[in-house]
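Everything on this sheet refers to the single structure shown next.
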Amino acid sequence: HVRNSRVLLVTDVWALVGNRSNFRHRMACCKIILPTLLALLAVSALSPLDGCSLNTTLATGVRSNEFLTSVIDTEYIVTFTGYFSSDARTSFISSALHHHACGWSIISRLNSGQQYPSDFSLLRVTANASQVVDALHKHPLVKRVTPQKRFSRILAASEDRCVGGCETAGWKSRSTMKLPFQDDASPGRHWYVGRRLMRAIPRQVTLALQADVLWSAGHTGKGVKVAIFDTGLAKGHSHFRRVMDQTDWTNEKTLEDGLGHGTFVAGVIASSSDCMGFAPDADLYICRVFTNSQVSYTSWFLDAFNYAIMKKVDVLNLSIGGPDFLDQPFVDKVWELTANNVIMVSAIGNDGPLYGTLNNPADMMDVIGVGGVNFEDEIARFSSRGMTTWELPTGYGRVKPDIVTYGSGVHGSALRGGCRSLSGTSVASPVVAGVVALLVGAVPRGNVNPASIKQALMTSARRLVGPNMFEQGHGMVDLLRAYHELNTYTPQASFSPSYIDLTDCPYFWPYCSQPLYYGATPVVVNVTILNGMGVTGRVMSKPTWHPYLPHNGGFLEVSVSYSPVLWPWSGYLAVSLSVSREARDWSGEVQGHIAVSIASPGVLGSGDQLMSTVLLPIKAQVVATPPRSRRILWDQFHNVRYPSGYVPRDNLRMKNDPLDWNGDHIHTNFKDMYTSLRSSGYFIEVLGSPFACFDASQYGALLLVDSEEEFFPEEIEKLTNDVNKQGLSLVVFGEWYDVEVMNKIKFFDDNTHQWWTPDTGGANVPALNDLLAPWGIAFSNEVLEGEFTLGDHLVTYSSGTAIAKFPENGLVVTRDLQDQASEVVNGKGGVVYDVPILGLYQTESQEGGRVVVYGDSNCLDSAHMTRDCFWLLKALLDYATKDEPIASIKFGDKIRAPPISLPTRMAGSRLHQYSHVLDGKDASKFRPLLPCPQLNWVKPRPLNTTVTRNMFRPKNVLSSEDAEQHAGLLPHMDADGSDQHPTLLLLTHLQGADWTSNWLMVVVCVVMVLLACKWCRKGGRRRTTKPKKTLVLKYPVV
């Protein structure tokens, strides 16, 4: 068997060489043994470790979950303050709506949970919806009324690549969908010969994570309840020992898995044969929440979640997700699940390598969000990246994913038996869910809760070299170290990340990419508090700041905001960092720490409480304040994204990605642009508040890119003064806005029977025109595309607009472009000549700044970029901030006559309903100007102490002092994660966890063979020796 070849080759070859009964045979053996041994070792090192021969049937496919949500206007979820019977809930609704005799009805939910109390009802409203909703809100037992939402998961798959035959039934391929990623198993990618080709054969993930070490100690997940929310499970599948319950929550009324996704996920967690799962003896609760058309509804999930709570499941895997973190009933129910001690594991998403693509619920603090790596321990290209976008525009995102694990080429159960291999974070999620199930069954139950499991996984994770924290979270899952940590766990609180080191590159990107300096907008680091002491806790008093005097900590000013109550199991700590005035001309490192004390109730009825004080070390690089001309202010406040509303894509050619949902932040989809500006010496700061909240005299230029929000009248007045009298320059990159196009790209949802119409264009051009009106500048309502040259550069113009108005003394560049609007609306485009695309204007006052406008932002946005124009942005900023001429571009063109018509705001737009600027009920009115954020700086409590080297390393905050040799199974782990137990070390090498161990085995065997050959060549006396006994290992060898 190939899986045993690493050990059998050594013993068998040694026996062969050691047999001296025939010298000629001995010498022949010496001549052929080395190449033979090396060849066989290569096969064993590079072959799949799956317990099968090389002819095992495997189907390899690449998966992606594209997730869309839509609102069903006629259906509402009525959430109550508690759990009530169906009759009671009906009476509550009837009582609330006694003045509305018609126009509404309660929708029956015929599923496995209908006989149990529930905390919500589903209501269909066909008339007077706003009045009905208002009446329901007045009932004392109604907590919330929200629209029902429909989920659509579109599964795109590559053609299966097989070894010895395929199991292909059940997986649907969408020919109209593009694959968001490709890996070694993807068609269309170059296949390498030799080592790379063999390495592309997937490995058995349970062995790669050394689950067999725990199996050999008798831990197989027995007694652990695992719920799998997916597409169901194949009937009578031979891989599963303990399927305790199968339920269907859809409208198809079948338990069968028609797609194979749910069966595969269940196999990764608990398969007991062929492609082994992590916890083969776990009790499986299969909840079918997606139809064979990959459709689901919020209410289906809510019912299934309630059922999982009632069944008291321990672990719940959710290998789906989407960008809609504003589906409040869903979010609330996830909180309730974890509050009931359910450990939820969820996929972070398959929308990488773009940043800002995290999926919900994996982006929630109490959920374990899982990203994917390949078997070379590289972040998978498809794995979504952070940061979270909940906090935008006024804050900064949290670190996600939490951890990463194998998600590329992973074995799992095929629909009709046998094994197949798939890739995606929906594969990495059940890997972690299986790890968690195995851990829960292997450690004392008193040590297990959603926070302690997450703490153990994070603190024991192995950090990957190269990826930053928004790619890998805390690092690669390490099953054995997590077991080691959990076995001796002491309830406590911890932070994620466990320290703040703004000099630690690349891990702390983007914080480490730009130093702090006096006068900059405060840098915000959002830290998650995990409370392993209880489901609820509280911060005892305001966190304290302790600067280290020997490390210049007094130059750092710290402000904190935090959740005083931690529920469930978690909370937040937002740390704002700024530099004191005394350091405006100083450069160096500053250090200190924040101390937070957290309390949780002790044993029920005892009156005691548990306490934990956690330190958050802080380290940063400070430089002298850079000159004004190098400081750029990025406007984040006026960027709007889905899920607030239907904000359409900027590039109309990208039909497979209809929504703009990446945050439009310099550290998400504008990451590459930010990196380019930093490499050019610019310092970029983020403005998350109105224009009234910054001092224009400190900045060279204000950068507006792809703005969708409206502008307060006070903002327009203030910015006009800043440009005309304060010397601030304004650089604007616009986008398309055409009402006819917006109506054309609306879509009809056949399931909800609703029209989805955009609330704005690619950018809010009417609002931008109001902002630019004081200088006589305006964009048109055209939608244009094409390629042209500017200087020595080829430029791609993707769904941009044109300049309709510009001052006569300004400089304009025109090009010939294609009329994309006509193509979208009428099906036929045409050439538009002399289109003004770029304009430069110097204000008339001597102390005034400059205004620069360009009609397209797609060349800056990594989401849909065809060809970047970072060189152009740099040239425009050099002109705007330092009056450097743009020598490579010829100016002097004129605006077309007669003037192009200006766009008007779309009637019926719902932008005002989620705008920070417009009145929520009347789109013609403005809200009062939002106040500027006021930070309360923490009074420093200096310490005359010297920092230790390991303060800014990943923290092993969990107690494990007494864990050496626990049950004779696990070794003590050094600080670097190395094992001291020789048996476990040998096991690790035999299992071939990475290339180092494989080649170490090759080197050892080569040395053994050379010594044997040298001994053979000595000839001499023939001796008869007793045959030596073959070494029998008492532990599993793979």
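Here, A, B, ... name the chains of the structure tokens in the order displayed, residue numbers run from 1 inside each chain, and ligands are numbered from 1 in the same displayed order.
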
(message) Show me, as a PyMOL selection string, the residues that have an atom within 12 Å of Met611 of chain A when counting only C-alpha atoms, minus same-chain residues fewer than 5 positions from it.
(response) chain A and resi 490-494+531-534+537-540+596-602

Let me see the file: selected residues, N, CA and C atoms, as a PDB file, in the first residue's frame.
ATOM      1  N   THR A 490      -8.195  27.483  31.059  1.00  0.00           N
ATOM      2  CA  THR A 490      -8.720  28.245  32.187  1.00  0.00           C
ATOM      3  C   THR A 490      -9.612  29.351  31.647  1.00  0.00           C
ATOM      4  N   PRO A 491     -10.872  29.444  32.062  1.00  0.00           N
ATOM      5  CA  PRO A 491     -11.778  30.471  31.530  1.00  0.00           C
ATOM      6  C   PRO A 491     -11.191  31.872  31.678  1.00  0.00           C
ATOM      7  N   GLN A 492     -11.188  32.633  30.599  1.00  0.00           N
ATOM      8  CA  GLN A 492     -10.587  33.956  30.598  1.00  0.00           C
ATOM      9  C   GLN A 492     -11.044  34.724  29.370  1.00  0.00           C
ATOM     10  N   ALA A 493     -10.700  36.008  29.323  1.00  0.00           N
ATOM     11  CA  ALA A 493     -10.958  36.852  28.162  1.00  0.00           C
ATOM     12  C   ALA A 493      -9.674  37.004  27.358  1.00  0.00           C
ATOM     13  N   SER A 494      -9.826  37.345  26.094  1.00  0.00           N
ATOM     14  CA  SER A 494      -8.668  37.553  25.234  1.00  0.00           C
ATOM     15  C   SER A 494      -9.042  38.523  24.123  1.00  0.00           C
ATOM     16  N   ASN A 531     -14.826  36.422  25.282  1.00  0.00           N
ATOM     17  CA  ASN A 531     -15.034  36.183  26.708  1.00  0.00           C
ATOM     18  C   ASN A 531     -15.309  34.708  26.940  1.00  0.00           C
ATOM     19  N   GLY A 532     -14.281  33.949  27.288  1.00  0.00           N
ATOM     20  CA  GLY A 532     -14.448  32.528  27.550  1.00  0.00           C
ATOM     21  C   GLY A 532     -15.006  32.206  28.912  1.00  0.00           C
ATOM     22  N   MET A 533     -15.283  33.230  29.719  1.00  0.00           N
ATOM     23  CA  MET A 533     -15.796  32.991  31.078  1.00  0.00           C
ATOM     24  C   MET A 533     -17.307  32.806  31.111  1.00  0.00           C
ATOM     25  N   GLY A 534     -17.996  33.306  30.093  1.00  0.00           N
ATOM     26  CA  GLY A 534     -19.439  33.165  30.097  1.00  0.00           C
ATOM     27  C   GLY A 534     -20.069  33.822  28.885  1.00  0.00           C
ATOM     28  N   GLY A 537     -20.888  39.129  29.784  1.00  0.00           N
ATOM     29  CA  GLY A 537     -19.858  39.716  30.643  1.00  0.00           C
ATOM     30  C   GLY A 537     -19.931  41.223  30.537  1.00  0.00           C
ATOM     31  N   ARG A 538     -19.090  41.893  31.257  1.00  0.00           N
ATOM     32  CA  ARG A 538     -19.076  43.350  31.198  1.00  0.00           C
ATOM     33  C   ARG A 538     -17.660  43.852  31.442  1.00  0.00           C
ATOM     34  N   VAL A 539     -17.377  44.993  30.833  1.00  0.00           N
ATOM     35  CA  VAL A 539     -16.106  45.665  31.076  1.00  0.00           C
ATOM     36  C   VAL A 539     -16.243  46.423  32.388  1.00  0.00           C
ATOM     37  N   MET A 540     -15.381  46.092  33.343  1.00  0.00           N
ATOM     38  CA  MET A 540     -15.545  46.581  34.710  1.00  0.00           C
ATOM     39  C   MET A 540     -15.419  48.099  34.796  1.00  0.00           C
ATOM     40  N   VAL A 596      -7.566  46.032  30.166  1.00  0.00           N
ATOM     41  CA  VAL A 596      -9.028  45.934  30.230  1.00  0.00           C
ATOM     42  C   VAL A 596      -9.383  44.836  31.218  1.00  0.00           C
ATOM     43  N   SER A 597     -10.263  45.146  32.167  1.00  0.00           N
ATOM     44  CA  SER A 597     -10.743  44.162  33.147  1.00  0.00           C
ATOM     45  C   SER A 597     -12.181  43.780  32.810  1.00  0.00           C
ATOM     46  N   ILE A 598     -12.419  42.475  32.764  1.00  0.00           N
ATOM     47  CA  ILE A 598     -13.715  41.935  32.344  1.00  0.00           C
ATOM     48  C   ILE A 598     -14.221  40.987  33.414  1.00  0.00           C
ATOM     49  N   ALA A 599     -15.525  41.061  33.689  1.00  0.00           N
ATOM     50  CA  ALA A 599     -16.157  40.204  34.693  1.00  0.00           C
ATOM     51  C   ALA A 599     -17.329  39.472  34.072  1.00  0.00           C
ATOM     52  N   SER A 600     -17.541  38.235  34.519  1.00  0.00           N
ATOM     53  CA  SER A 600     -18.688  37.428  34.093  1.00  0.00           C
ATOM     54  C   SER A 600     -19.278  36.733  35.309  1.00  0.00           C
ATOM     55  N   PRO A 601     -20.602  36.473  35.291  1.00  0.00           N
ATOM     56  CA  PRO A 601     -21.198  35.742  36.406  1.00  0.00           C
ATOM     57  C   PRO A 601     -20.579  34.366  36.565  1.00  0.00           C
ATOM     58  N   GLY A 602     -20.412  33.933  37.803  1.00  0.00           N
ATOM     59  CA  GLY A 602     -19.871  32.612  38.073  1.00  0.00           C
ATOM     60  C   GLY A 602     -20.939  31.547  38.001  1.00  0.00           C
TER      61      GLY A 602
END

(request) Write out as a ChimeraX atom specification each polymer residue whose atoms come within 12 Å of Ala428 of chain A, counting only C-alpha atoms; drop sequence neighbours fewer than 5 positions from it. (result) /A:63,205-206,264-265,268-269,317-320,345-350,368-375,379-380,382-383,401,403-412,422-423,433-435,476-477

(message) For Tyr854 of chain A, find every residue with an atom within 9 Å (counting only C-alpha atoms), except residues of its own chain fewer than 3 positions away, and show them as a ChimeraX atom specification.
(response) /A:731-735,800-803,836-839,857

All heavy atoms of the current selection, written as an mmCIF file, in the first residue's frame:
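Output (selection-v2.cif):
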data_model
loop_
_atom_site.group_PDB
_atom_site.id
_atom_site.type_symbol
_atom_site.label_atom_id
_atom_site.label_comp_id
_atom_site.auth_asym_id
_atom_site.auth_seq_id
_atom_site.Cartn_x
_atom_site.Cartn_y
_atom_site.Cartn_z
ATOM 1 N N VAL A 731 -9.748 66.539 -6.407
ATOM 2 C CA VAL A 731 -9.582 65.581 -7.499
ATOM 3 C C VAL A 731 -10.775 64.637 -7.471
ATOM 4 O O VAL A 731 -11.012 63.961 -6.466
ATOM 5 C CB VAL A 731 -8.262 64.793 -7.369
ATOM 6 C CG1 VAL A 731 -8.125 63.789 -8.509
ATOM 7 C CG2 VAL A 731 -7.078 65.749 -7.345
ATOM 8 N N VAL A 732 -11.532 64.586 -8.579
ATOM 9 C CA VAL A 732 -12.775 63.812 -8.637
ATOM 10 C C VAL A 732 -12.703 62.815 -9.790
ATOM 11 O O VAL A 732 -12.424 63.203 -10.936
ATOM 12 C CB VAL A 732 -14.002 64.734 -8.829
ATOM 13 C CG1 VAL A 732 -15.279 63.901 -8.898
ATOM 14 C CG2 VAL A 732 -14.085 65.757 -7.704
ATOM 15 N N PHE A 733 -12.957 61.537 -9.471
ATOM 16 C CA PHE A 733 -13.124 60.495 -10.488
ATOM 17 C C PHE A 733 -14.596 60.100 -10.498
ATOM 18 O O PHE A 733 -15.115 59.588 -9.497
ATOM 19 C CB PHE A 733 -12.245 59.282 -10.174
ATOM 20 C CG PHE A 733 -10.811 59.445 -10.593
ATOM 21 C CD1 PHE A 733 -9.976 60.349 -9.944
ATOM 22 C CD2 PHE A 733 -10.299 58.708 -11.650
ATOM 23 C CE1 PHE A 733 -8.660 60.502 -10.321
ATOM 24 C CE2 PHE A 733 -8.976 58.857 -12.044
ATOM 25 C CZ PHE A 733 -8.152 59.757 -11.389
ATOM 26 N N GLY A 734 -15.273 60.367 -11.611
ATOM 27 C CA GLY A 734 -16.700 60.097 -11.698
ATOM 28 C C GLY A 734 -17.001 58.720 -12.267
ATOM 29 O O GLY A 734 -16.115 57.893 -12.483
ATOM 30 N N GLU A 735 -18.285 58.480 -12.527
ATOM 31 C CA GLU A 735 -18.774 57.240 -13.118
ATOM 32 C C GLU A 735 -20.043 57.549 -13.901
ATOM 33 O O GLU A 735 -20.511 58.681 -13.927
ATOM 34 C CB GLU A 735 -19.054 56.179 -12.039
ATOM 35 C CG GLU A 735 -17.853 55.333 -11.650
ATOM 36 C CD GLU A 735 -17.323 54.511 -12.809
ATOM 37 O OE1 GLU A 735 -18.078 54.271 -13.779
ATOM 38 O OE2 GLU A 735 -16.141 54.125 -12.763
ATOM 39 N N GLY A 800 -17.659 54.862 -18.265
ATOM 40 C CA GLY A 800 -17.434 56.173 -17.677
ATOM 41 C C GLY A 800 -18.410 57.201 -18.229
ATOM 42 O O GLY A 800 -19.291 56.902 -19.033
ATOM 43 N N THR A 801 -18.246 58.428 -17.809
ATOM 44 C CA THR A 801 -19.079 59.524 -18.284
ATOM 45 C C THR A 801 -18.191 60.568 -18.945
ATOM 46 O O THR A 801 -16.973 60.400 -19.047
ATOM 47 C CB THR A 801 -19.881 60.140 -17.130
ATOM 48 O OG1 THR A 801 -20.810 61.098 -17.649
ATOM 49 C CG2 THR A 801 -18.963 60.823 -16.126
ATOM 50 N N ALA A 802 -18.820 61.643 -19.424
ATOM 51 C CA ALA A 802 -18.086 62.722 -20.088
ATOM 52 C C ALA A 802 -18.246 64.008 -19.289
ATOM 53 O O ALA A 802 -19.118 64.129 -18.427
ATOM 54 C CB ALA A 802 -18.615 62.914 -21.512
ATOM 55 N N ILE A 803 -17.382 64.964 -19.592
ATOM 56 C CA ILE A 803 -17.485 66.287 -18.980
ATOM 57 C C ILE A 803 -18.427 67.122 -19.839
ATOM 58 O O ILE A 803 -18.203 67.301 -21.044
ATOM 59 C CB ILE A 803 -16.103 66.953 -18.877
ATOM 60 C CG1 ILE A 803 -15.159 66.082 -18.047
ATOM 61 C CG2 ILE A 803 -16.225 68.342 -18.269
ATOM 62 C CD1 ILE A 803 -13.724 66.579 -18.029
ATOM 63 N N PRO A 836 -15.001 64.932 -24.047
ATOM 64 C CA PRO A 836 -14.132 65.450 -22.973
ATOM 65 C C PRO A 836 -14.116 64.491 -21.786
ATOM 66 O O PRO A 836 -15.154 64.198 -21.195
ATOM 67 C CB PRO A 836 -14.798 66.777 -22.593
ATOM 68 C CG PRO A 836 -15.791 67.061 -23.678
ATOM 69 C CD PRO A 836 -16.217 65.734 -24.220
ATOM 70 N N ILE A 837 -12.938 63.997 -21.462
ATOM 71 C CA ILE A 837 -12.836 62.998 -20.402
ATOM 72 C C ILE A 837 -12.035 63.490 -19.203
ATOM 73 O O ILE A 837 -12.223 63.012 -18.080
ATOM 74 C CB ILE A 837 -12.194 61.702 -20.937
ATOM 75 C CG1 ILE A 837 -10.829 62.007 -21.540
ATOM 76 C CG2 ILE A 837 -13.117 61.012 -21.932
ATOM 77 C CD1 ILE A 837 -10.004 60.789 -21.885
ATOM 78 N N LEU A 838 -11.134 64.453 -19.434
ATOM 79 C CA LEU A 838 -10.232 64.907 -18.375
ATOM 80 C C LEU A 838 -10.159 66.423 -18.404
ATOM 81 O O LEU A 838 -10.007 67.024 -19.474
ATOM 82 C CB LEU A 838 -8.831 64.307 -18.576
ATOM 83 C CG LEU A 838 -7.699 64.800 -17.667
ATOM 84 C CD1 LEU A 838 -7.993 64.438 -16.208
ATOM 85 C CD2 LEU A 838 -6.355 64.203 -18.098
ATOM 86 N N GLY A 839 -10.315 67.035 -17.220
ATOM 87 C CA GLY A 839 -10.243 68.480 -17.142
ATOM 88 C C GLY A 839 -9.408 68.944 -15.964
ATOM 89 O O GLY A 839 -9.504 68.374 -14.868
ATOM 90 N N SER A 857 -13.695 55.730 -12.969
ATOM 91 C CA SER A 857 -12.901 55.286 -11.817
ATOM 92 C C SER A 857 -12.526 53.817 -11.886
ATOM 93 O O SER A 857 -11.839 53.312 -10.999
ATOM 94 C CB SER A 857 -13.670 55.545 -10.513
ATOM 95 O OG SER A 857 -14.787 54.678 -10.403
#

Residues near Asn447 of chain A, cut-off 8 Å, only C-alpha atoms, skip fewer than 2 positions along chain, as a PDB file with N, CA, C and O atoms, in the first residue's frame:
ATOM      1  N   VAL A 443     -11.924  16.688  24.862  1.00  0.00           N
ATOM      2  CA  VAL A 443     -11.512  17.469  26.026  1.00  0.00           C
ATOM      3  C   VAL A 443     -12.657  17.520  27.024  1.00  0.00           C
ATOM      4  O   VAL A 443     -13.811  17.229  26.695  1.00  0.00           O
ATOM      5  N   PRO A 444     -12.372  17.906  28.256  1.00  0.00           N
ATOM      6  CA  PRO A 444     -13.455  18.027  29.249  1.00  0.00           C
ATOM      7  C   PRO A 444     -14.534  18.996  28.785  1.00  0.00           C
ATOM      8  O   PRO A 444     -14.231  20.099  28.326  1.00  0.00           O
ATOM      9  N   ARG A 445     -15.799  18.597  28.916  1.00  0.00           N
ATOM     10  CA  ARG A 445     -16.903  19.429  28.430  1.00  0.00           C
ATOM     11  C   ARG A 445     -16.962  20.773  29.143  1.00  0.00           C
ATOM     12  O   ARG A 445     -17.452  21.754  28.584  1.00  0.00           O
ATOM     13  N   ASN A 449     -16.923  26.032  25.100  1.00  0.00           N
ATOM     14  CA  ASN A 449     -17.992  26.965  24.771  1.00  0.00           C
ATOM     15  C   ASN A 449     -17.575  27.684  23.484  1.00  0.00           C
ATOM     16  O   ASN A 449     -16.423  27.549  23.041  1.00  0.00           O
ATOM     17  N   SER A 452     -14.278  29.712  24.067  1.00  0.00           N
ATOM     18  CA  SER A 452     -13.058  28.963  24.385  1.00  0.00           C
ATOM     19  C   SER A 452     -12.552  28.194  23.170  1.00  0.00           C
ATOM     20  O   SER A 452     -11.333  28.099  22.946  1.00  0.00           O
ATOM     21  N   LEU A 486      -6.843  23.319  24.820  1.00  0.00           N
ATOM     22  CA  LEU A 486      -8.174  23.126  25.397  1.00  0.00           C
ATOM     23  C   LEU A 486      -8.162  22.195  26.598  1.00  0.00           C
ATOM     24  O   LEU A 486      -8.987  22.331  27.511  1.00  0.00           O
ATOM     25  N   ASN A 487      -7.265  21.240  26.591  1.00  0.00           N
ATOM     26  CA  ASN A 487      -7.242  20.250  27.663  1.00  0.00           C
ATOM     27  C   ASN A 487      -6.969  20.890  29.017  1.00  0.00           C
ATOM     28  O   ASN A 487      -7.395  20.372  30.055  1.00  0.00           O
ATOM     29  N   TYR A 489      -7.507  24.303  29.651  1.00  0.00           N
ATOM     30  CA  TYR A 489      -8.034  25.658  29.504  1.00  0.00           C
ATOM     31  C   TYR A 489      -8.539  26.225  30.830  1.00  0.00           C
ATOM     32  O   TYR A 489      -9.214  25.556  31.596  1.00  0.00           O
ATOM     33  N   THR A 490      -8.195  27.483  31.059  1.00  0.00           N
ATOM     34  CA  THR A 490      -8.720  28.245  32.187  1.00  0.00           C
ATOM     35  C   THR A 490      -9.612  29.351  31.647  1.00  0.00           C
ATOM     36  O   THR A 490      -9.167  30.128  30.791  1.00  0.00           O
ATOM     37  N   PRO A 491     -10.872  29.444  32.062  1.00  0.00           N
ATOM     38  CA  PRO A 491     -11.778  30.471  31.530  1.00  0.00           C
ATOM     39  C   PRO A 491     -11.191  31.872  31.678  1.00  0.00           C
ATOM     40  O   PRO A 491     -10.748  32.259  32.764  1.00  0.00           O
TER      41      PRO A 491
END

(message) So that I can check the surroundings of Pro617 of chain A, please list as a PyMOL selection string every protein, DNA and RNA residue that reaches within 7 Å of it, counting only C-alpha atoms and ignoring chain neighbours fewer than 2 positions away.
(response) chain A and resi 499-500+592-594+615+619+951-952

(message) For Gly762 of chain A, find every residue with an atom within 9 Å (counting only C-alpha atoms), except residues of its own chain fewer than 3 positions away, and show them as a list in words.
(response)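 Counting only the stated atoms, we get Val647, Pro648, Arg649, Asp650, Asn651, Leu652, Asp660, Asp706, Ser707, Glu708, Gly734, Glu735, Trp736, Tyr737, Val765, Ser799 and Gly800 of chain A.
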
Grab the residues selected above and save them as a tab-separated table (two decimals), in the first residue's frame with N, CA and C atoms.
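Dumped everything to again_1.tsv:
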chain	number	residue	atom	x	y	z
A	647	VAL	N	-27.05	49.23	-5.10
A	647	VAL	CA	-26.00	50.08	-5.65
A	647	VAL	C	-25.34	49.28	-6.77
A	648	PRO	N	-25.50	49.70	-8.03
A	648	PRO	CA	-25.07	48.86	-9.15
A	648	PRO	C	-23.56	48.88	-9.34
A	649	ARG	N	-23.10	47.95	-10.14
A	649	ARG	CA	-21.69	47.85	-10.46
A	649	ARG	C	-21.25	49.06	-11.27
A	650	ASP	N	-19.96	49.37	-11.21
A	650	ASP	CA	-19.42	50.52	-11.93
A	650	ASP	C	-19.14	50.18	-13.40
A	651	ASN	N	-18.78	48.94	-13.66
A	651	ASN	CA	-18.49	48.51	-15.03
A	651	ASN	C	-19.66	47.68	-15.53
A	652	LEU	N	-20.41	48.21	-16.48
A	652	LEU	CA	-21.62	47.53	-16.94
A	652	LEU	C	-21.32	46.26	-17.72
A	660	ASP	N	-22.39	46.59	-6.11
A	660	ASP	CA	-21.17	47.25	-5.62
A	660	ASP	C	-21.16	47.08	-4.11
A	706	ASP	N	-15.76	57.69	-7.13
A	706	ASP	CA	-16.95	56.84	-7.19
A	706	ASP	C	-17.91	57.12	-6.03
A	707	SER	N	-18.25	58.37	-5.81
A	707	SER	CA	-19.12	58.75	-4.69
A	707	SER	C	-20.58	58.49	-5.05
A	708	GLU	N	-21.33	57.83	-4.15
A	708	GLU	CA	-22.75	57.56	-4.37
A	708	GLU	C	-23.67	58.38	-3.46
A	734	GLY	N	-15.27	60.37	-11.61
A	734	GLY	CA	-16.70	60.10	-11.70
A	734	GLY	C	-17.00	58.72	-12.27
A	735	GLU	N	-18.29	58.48	-12.53
A	735	GLU	CA	-18.77	57.24	-13.12
A	735	GLU	C	-20.04	57.55	-13.90
A	736	TRP	N	-20.62	56.55	-14.48
A	736	TRP	CA	-21.82	56.71	-15.30
A	736	TRP	C	-23.04	57.01	-14.43
A	737	TYR	N	-23.98	57.74	-15.02
A	737	TYR	CA	-25.30	57.96	-14.40
A	737	TYR	C	-26.27	58.32	-15.52
A	765	VAL	N	-23.87	61.17	-9.98
A	765	VAL	CA	-23.41	62.30	-10.78
A	765	VAL	C	-24.22	63.57	-10.49
A	799	SER	N	-17.36	52.15	-18.92
A	799	SER	CA	-18.63	52.67	-18.42
A	799	SER	C	-18.44	53.99	-17.68
A	800	GLY	N	-17.66	54.86	-18.27
A	800	GLY	CA	-17.43	56.17	-17.68
A	800	GLY	C	-18.41	57.20	-18.23

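Nearest residue to Asp351 of chain A, choosing from A:Trp661, A:Ser91, A:Asn826, A:Leu439 and counting only C-alpha atoms: A:Trp661.
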
(request) Mind listing the alpha helix (DSSP H) residues of segment 734-933 of chain A, per DSSP on the backbone, as JSON, numbers by chain? (result) {"A": [739, 740, 741, 742, 743, 744, 765, 766, 767, 768, 769, 770, 771, 772, 820, 821, 822, 823, 824, 825, 826, 870, 871, 872, 873, 874, 875, 876, 877, 878, 879, 880, 881, 882]}

Grab the residues selected above and save them as a short mmCIF file (atom, residue, chain, number, x, y, z; two decimals), in the first residue's frame with C-alpha atoms.
data_model
loop_
_atom_site.label_atom_id
_atom_site.label_comp_id
_atom_site.auth_asym_id
_atom_site.auth_seq_id
_atom_site.Cartn_x
_atom_site.Cartn_y
_atom_site.Cartn_z
CA VAL A 739 -31.77 57.06 -15.90
CA GLU A 740 -32.58 55.07 -19.04
CA VAL A 741 -29.67 52.73 -18.39
CA MET A 742 -30.66 52.40 -14.74
CA ASN A 743 -34.17 51.36 -15.78
CA LYS A 744 -32.74 48.98 -18.35
CA VAL A 765 -23.41 62.30 -10.78
CA PRO A 766 -26.25 64.77 -9.98
CA ALA A 767 -24.81 65.14 -6.46
CA LEU A 768 -21.26 65.53 -7.84
CA ASN A 769 -22.52 68.22 -10.23
CA ASP A 770 -24.01 70.13 -7.27
CA LEU A 771 -20.59 69.93 -5.59
CA LEU A 772 -18.73 71.11 -8.71
CA GLN A 820 -22.40 52.23 -24.31
CA ALA A 821 -25.69 53.73 -23.14
CA SER A 822 -27.17 53.34 -26.62
CA GLU A 823 -25.95 49.76 -26.72
CA VAL A 824 -27.57 48.94 -23.35
CA VAL A 825 -30.86 50.68 -24.11
CA ASN A 826 -31.27 50.09 -27.86
CA PHE A 870 -2.27 54.69 -11.24
CA TRP A 871 0.30 56.62 -13.26
CA LEU A 872 -2.45 59.07 -14.25
CA LEU A 873 -3.65 59.50 -10.67
CA LYS A 874 -0.09 60.23 -9.54
CA ALA A 875 0.39 62.76 -12.34
CA LEU A 876 -2.91 64.47 -11.48
CA LEU A 877 -2.01 64.64 -7.79
CA ASP A 878 1.41 66.04 -8.62
CA TYR A 879 -0.31 68.75 -10.64
CA ALA A 880 -2.98 69.40 -8.01
CA THR A 881 -0.67 69.55 -4.98
CA LYS A 882 2.61 70.85 -6.42
#

(request) Please measure the separation of atom CA of Leu326 of chain A and atom CA of Trp390 of chain A, giving the value in Å to one decimal. (result)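 Taking atom CA of Leu326 of chain A and atom CA of Trp390 of chain A, their separation equals 8.8 Å.
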
(message) Report, in Å to a single decimal, how far apart atom CA of Ser384 of chain A and atom CA of Pro280 of chain A are.
(response)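 According to the coordinates, atom CA of Pro280 of chain A and atom CA of Ser384 of chain A are separated by 29.3 Å.
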